[in-house]
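Novice: Attaching a single structure in structure tokens format; questions to follow.
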Amino acid sequence: MEAVPEHPSEDGGEDHTEQETSLQEPAVEPKQPALKKVSTSSQSSRRVSFGDGGVNHIEPEISLQVPAVEPKQPVPLKKVSTTSQTSRRVSHVSSTSSAPGRRRSRKGSFFVADNPYADSLSAYEPEESDDDSINGKMSMKTKVRDSRFCQRKRIVRIIVLLCLLLGLALGLIFGMAIKKEHDRTAGSEDGTVLESYGRDGIWNNIRLPKTLTPLKYNLHIRTDLTNFTFNGTIDIFIKCIKNTEVVLIHSTQLEIPLHTVTIHPENMHHEKDRLHLKRDPWFHEEHQYLVVELKTPLKAGSVYKFSAMFSAPLLHDYNAGYYRTPYDTATGERWNAATLTALTLARRVFPCFDEPSFKANFTLTLDHEPSYIAIANMPIESNTTLEDGWIRSKFEESVPISTYLVAWCVTDFAYKEITTQNGVLMRVWAREDAVDTVEYALQIGATILDFFDEYFGTKFPLPKLDSIALPGFPYGGMENWGLISYKPSRFLYKESVSPARNKEGICSIVAHELAHQWFGNSVTLKWWDDTWLNEGFASYVGPYLGANHAEPEWGLNDMFTIRSMHPVMTIDSLSTSRPISLPVATNEEILQQFDLISYRKGASIIRMCSNFLGEATFRKGLKKYLAEFEYGNAVRDDLWKHLNDVAKEDGRLFIDVKEIMDTWTLQMGYPVVTVTREYGRGDGSLHFRTDQERFLLNPQSNMTTNYGDLGYKWYVPLTYTTSRDAQFDMPSQEWLSPGHKLTVSVTGVEESDWLFVNVEARGYYRVNYDENNWQLLTQQLVDNHQVFGVTSRSALISDAFNLARAGSLNQVIALNITQYLTSERDYVPWVTVKDVTGYIGDMLGKTGAYGDFQKYMLHLVTPLYQDLGWTDPGTHVKRQAQGIAVSLACSFGNEHCVTEASRLFAEWMQNPSVNPIPPDVKQAVYCTAIQHGDQKESTFAMEQLETTNSDTEKLLLREALACTQMSWLLQSYLTDTLDTPEDTKTVLANVAKNSIGARMVWDFFWENWDVLRKTYGDRAFYFADMVSSITAKLNTKYELKQLQSLIKDHPDQGSAERALQQAVESTQANIRWIQNNYNDVATWLSNQIDTLGL
């Protein structure tokens, strides 16, 4: 999965409990009698609410029809029995409506009638006589009668109280007896798992027991895109590993007729062989289990078949697992249906063993309306037209696969195809009006897939690979095996419309998802605590091996620091970060694993490992690892073992890969290596000492944590070079070990020569030098910055400014480095400059020093802007550099830039059908024109947003609309985003960048917390990213207090819990920076303005 989520439910208020559909009969009537239709109108029919689906044991030829008939209203106060053999339906769905006079009780998950007297004892009190009340009189006889009545009433109350106490006592005794019996039988000699019905049991664990394992699923789904429902049947063939009387199946949000839930031996010949249940199946809400308890245990070594039927609404909600997604055509709105079963959403689509280690083969059959086609993980085996005109598509059996990778789509999209050199049919699907934009993704995908076949030594195992651009898809991409889903704006490319950065992003995300076909799909993590094994590898070998092979002239390896390492180092320098490998015990914790730490820190330490082992050794180890665990599951130690074995084979006897890498995976953060040179020795050698400590942006932050650590010391691969040899390809290397300091001597080097450590930023750490060496490095940049490669220049700038931000380096030393930038023309260093100076600009934005900051930055960027100008600069990298030059020049007020941007936008407004703006400067031009214009520019941009069919163009326009300086337009933009929830995160993030909008978006977030939490709080990435973007500029004690109040008032923070903690720490660090650095920075900027005559 590639980060970047979006999209909420638009149907949250639907009554899911009444929605049922049916699998229709095939064209040929089966000879054997079909299952009888399930009637729900019987007086004995009851519905039990539980949250995990059902499956059906009928074959495709058998008709399943479960009409949704409203059950009759129960008699008030009458207990509902669940032991009847008649039809019952199991469900776990939210309902916003119910029959009159009826409420749904959460306890016991039964529908219980309302008690009209439940809330008042006064209903049982005698009423006063109307006559007495009027006359104000009461006869003695009446008083005596009432007195006797009161005495009787007190006696009755005492008797009732005694009965209650007696009942409680008997219940306690009976419960203790049951517990004793349970304790006696739980450890029976035959190993049978015997658990009692109640709070205690194997269901009280988020992890499935290892008593059963699925072998094969037969899954049949009928999708109704007219009525927005789906229903299905399932058979799961289960092997018993250890005797057990309890079967746990994940399921939630599904309607299941209880009588369809059956378990019997694989080859059942007689009805008497069917296994009998101890009680009706029930639902464990917290862990989302369907619990089936048997009278006799399943036997180890035997294979059984679990069967059931199920149905659910087809919601416009990407958290539903199986959802509908709209798109516009010339004839009106159309709908597709698609799955998104990651991470734990498969259980919302069909009952299953929904953990990554429970791999099985899937045979899928999809019934759909004839105007659609179906695609899935595997190729279609057959298509059959049913009697009602619908199509039944049956797919080939899959390879062993985890449930989170099961995928299908019912669509009317068009496609283009190509066959790879290794014979894999690749198809790319998109809306018919966008199919002309899939060509680049198709061609680049075939190239990268062939490369990975050869690089990993194991070929892609499926005969075909589909990819589909799904409108509104909430993530950048999802690696479903054989059917990859993408967000259109991250996948579709048109040369005359899309910027070079967009093209690079498409290449990288395609490579990322294709890398997952090996890392994640073929070899899968055992549990989500090693999420980084999937995502970190895909984030490194995808863009920086696969994409780099496909587009070698782009220099993608040079961009690793700006795309991956530097962004995550900011997060990982907070005390509220986390270890990359982290035990998880709840669904919320699983969601929080999908963050920058898993993706970008994972990629960074894998890249570091590849560098210290050597590429050849690293690749050999990967091949052995992938071969051994093909179609299986692995943990990080399995990878370390194979890398360690090949390292020994290749003569690297001193390396213990596990010992080294454990220091990077089992504790959070990273080190700053302090390098101190010894001057004045006069022996013609360079001597330096190194030490390490954990790097923290705010050293004063609270260090208390629930995570373990290894003393916050690491095995650091220390690479270095000097001005005498300037060896950046094959630098010298030493190891800085935990608990030790390192002293290094280099002969033939003078004191006037500079020393550079962590060459090309190959290690995941920062470097601080003594002040004299910083001055030597700064002078070299001024004299000839190209002595250092672009990655090393980027690393120097990033290290200096982040060390200054943390208070470990004088801010003036960092600012001095920027003086060379008037000569810098390369893209990578400028991206880093934009990042680190952007932080200073955010901190100074509310102060009097911002004017000088703006003048100084304009002075630095103007030569780059003048050099690249507005004409096409040619190469891919120069086009991206042009984009950043125009963006910075216009944002800092370059008059020529603002005038030209406004002219181009006005020309477009005069002729909307012809956009004259070059793709790579569109972002800057749109924003500048709207920022310096009035309402008509914003109105025009909104009109273009509503009419364009280009997803890339929509993304650019949404960002530009947030650039207006009219506060009322910003407020309207924020308010309207609640009506288009798929865009909310993008809108909030963009408005937060606006100096006027930053405060507005924070207030908006505060005021709309409840709806934002409900809509986005249970999604990976989305809510956390939203929090991070809107809190980035908070830097006052008042704002900090507000943030802390928000957290206190809303303890249920969903997937944003860690992001909110980090926001507090970042805000504290921002306040500290203002207090410690403002005066020095303001003085330095003032002096520069005077010296340069600006």
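Residues in the structure tokens are named by chain (A, B, ... in the order shown) and by number from 1 within that chain; ligands are numbered from 1 in the order shown.
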Just the residues within 10 Å of His276 in chain A, please, counting only C-alpha atoms, with nothing from its chain fewer than 5 positions along; format it as an MDAnalysis selection string.

Specialist: chainID A and resid 262:264 293:296

Novice: Could you pull out all residues of range 568-777 of chain A with a DSSP call of strand (DSSP E or B) and give them as an NGL selection string?

Specialist: :A and (632-634 or 671-678 or 685-694 or 716-722 or 732-736 or 742-747 or 755-757 or 766-769)

Novice: If you run DSSP on this backbone, which residues of range 490-567 of chain A come out as alpha helix (DSSP H), and could you give them as a count of residues only?

Specialist: 34

Novice: Which one is closest to Trp527 in chain A: A:Ile571, A:Leu556, A:Arg207, A:Asp826? Count only C-alpha atoms.

Specialist: A:Arg207

Novice: Near range 793-803 of chain A, counting only C-alpha atoms, which residues have an atom at most 6 Å away, once you skip same-chain residues fewer than 5 positions from it, shown as a list in words?

Specialist: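 So the residues in contact are Arg766, Ser808, Leu809, Ala814, Pro829 and Thr832 of chain A.
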
Novice: Could you take the residues named above and write them with N, CA and C atoms, as a PDB file, in the first residue's frame?

Specialist:
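Okay, this is what ended up in part_9.pdb:
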ATOM      1  N   ARG A 766      22.493  11.882  11.650  1.00  0.00           N
ATOM      2  CA  ARG A 766      22.965  13.236  11.385  1.00  0.00           C
ATOM      3  C   ARG A 766      24.386  13.389  11.919  1.00  0.00           C
ATOM      4  N   SER A 808      21.572  22.336  19.016  1.00  0.00           N
ATOM      5  CA  SER A 808      22.896  21.698  19.067  1.00  0.00           C
ATOM      6  C   SER A 808      23.924  22.427  18.225  1.00  0.00           C
ATOM      7  N   LEU A 809      23.498  23.421  17.460  1.00  0.00           N
ATOM      8  CA  LEU A 809      24.387  24.202  16.596  1.00  0.00           C
ATOM      9  C   LEU A 809      23.864  25.625  16.554  1.00  0.00           C
ATOM     10  N   ALA A 814      24.352  27.707  10.551  1.00  0.00           N
ATOM     11  CA  ALA A 814      23.488  27.113   9.532  1.00  0.00           C
ATOM     12  C   ALA A 814      23.116  28.153   8.477  1.00  0.00           C
ATOM     13  N   PRO A 829      19.334  19.967  -3.859  1.00  0.00           N
ATOM     14  CA  PRO A 829      19.620  20.885  -2.741  1.00  0.00           C
ATOM     15  C   PRO A 829      18.539  21.938  -2.544  1.00  0.00           C
ATOM     16  N   THR A 832      15.688  20.766  -0.412  1.00  0.00           N
ATOM     17  CA  THR A 832      16.041  20.809   1.007  1.00  0.00           C
ATOM     18  C   THR A 832      16.005  22.241   1.536  1.00  0.00           C
TER      19      THR A 832
END

Novice: Would you list the contacts of Ala960 in chain A as an NGL selection string, taking every protein, DNA or RNA residue within 8 Å and counting only C-alpha atoms, but skipping same-chain residues closer than 2 positions in sequence?

Specialist: :A and (923 or 926-927 or 930 or 956-958 or 962-964)

Novice: Determine, counting only C-alpha atoms, which protein, DNA and RNA residues have an atom within 10 Å of an atom of Thr818 in chain A; residues of the same chain fewer than 6 positions away are not included. Present the result as a short mmCIF file (atom, residue, chain, number, x, y, z; two decimals) with all heavy atoms, in the first residue's frame.

Specialist:
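Saved as around-v7.cif:
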data_model
loop_
_atom_site.label_atom_id
_atom_site.label_comp_id
_atom_site.auth_asym_id
_atom_site.auth_seq_id
_atom_site.Cartn_x
_atom_site.Cartn_y
_atom_site.Cartn_z
N THR A 778 31.64 25.15 4.79
CA THR A 778 30.89 26.28 4.24
C THR A 778 31.71 27.01 3.18
O THR A 778 31.19 27.38 2.12
CB THR A 778 30.49 27.25 5.36
OG1 THR A 778 29.71 26.55 6.33
CG2 THR A 778 29.72 28.44 4.82
N LEU A 781 31.74 25.15 -0.10
CA LEU A 781 30.50 25.36 -0.84
C LEU A 781 30.55 26.69 -1.60
O LEU A 781 30.11 26.77 -2.76
CB LEU A 781 29.29 25.34 0.09
CG LEU A 781 28.90 23.98 0.67
CD1 LEU A 781 27.83 24.15 1.75
CD2 LEU A 781 28.39 23.05 -0.41
N VAL A 782 31.07 27.72 -0.96
CA VAL A 782 31.15 29.02 -1.61
C VAL A 782 32.16 28.99 -2.76
O VAL A 782 31.89 29.53 -3.85
CB VAL A 782 31.54 30.11 -0.59
CG1 VAL A 782 31.81 31.45 -1.28
CG2 VAL A 782 30.44 30.26 0.46
N ILE A 797 23.04 20.72 4.31
CA ILE A 797 22.05 21.75 4.61
C ILE A 797 21.04 21.23 5.63
O ILE A 797 20.72 21.92 6.62
CB ILE A 797 21.33 22.19 3.32
CG1 ILE A 797 22.33 22.86 2.36
CG2 ILE A 797 20.17 23.14 3.64
CD1 ILE A 797 21.79 23.03 0.95
N GLU A 824 23.84 27.85 -6.75
CA GLU A 824 23.25 26.51 -6.82
C GLU A 824 22.18 26.45 -7.92
O GLU A 824 21.27 27.27 -7.95
CB GLU A 824 22.64 26.15 -5.47
CG GLU A 824 22.03 24.75 -5.41
CD GLU A 824 23.05 23.65 -5.61
OE1 GLU A 824 23.73 23.29 -4.63
OE2 GLU A 824 23.15 23.17 -6.76
N VAL A 833 16.51 23.18 0.74
CA VAL A 833 16.48 24.59 1.14
C VAL A 833 15.03 25.06 1.36
O VAL A 833 14.71 25.73 2.35
CB VAL A 833 17.18 25.47 0.08
CG1 VAL A 833 16.94 26.95 0.38
CG2 VAL A 833 18.67 25.17 0.06
N THR A 837 14.25 26.32 5.16
CA THR A 837 13.96 27.75 5.29
C THR A 837 12.45 27.99 5.39
O THR A 837 12.02 29.01 5.94
CB THR A 837 14.53 28.55 4.10
OG1 THR A 837 13.94 28.07 2.88
CG2 THR A 837 16.05 28.39 4.04
N MET A 857 15.58 35.68 1.01
CA MET A 857 15.26 34.50 0.22
C MET A 857 15.07 34.86 -1.25
O MET A 857 15.47 34.10 -2.15
CB MET A 857 14.01 33.82 0.77
CG MET A 857 14.19 33.15 2.12
SD MET A 857 15.52 31.91 2.12
CE MET A 857 14.93 30.76 0.87
N LEU A 860 18.39 35.00 -2.83
CA LEU A 860 18.99 33.70 -3.09
C LEU A 860 18.40 33.01 -4.32
O LEU A 860 19.12 32.40 -5.12
CB LEU A 860 18.82 32.78 -1.88
CG LEU A 860 19.51 33.19 -0.58
CD1 LEU A 860 19.23 32.15 0.51
CD2 LEU A 860 21.02 33.34 -0.77
#

Novice: Between CA of Thr665 in chain A and CA of Ala634 in chain A, what is the distance, to one decimal in Å?

Specialist: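 About the pair CA of Thr665 in chain A and CA of Ala634 in chain A: they are 15.7 Å apart.
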
Novice: What's around Asp852 in chain A at 7 Å? Count only C-alpha atoms, leave out sequence neighbours fewer than 6 positions away in its own chain, and write the answer as a count of residues only.

Specialist: 3
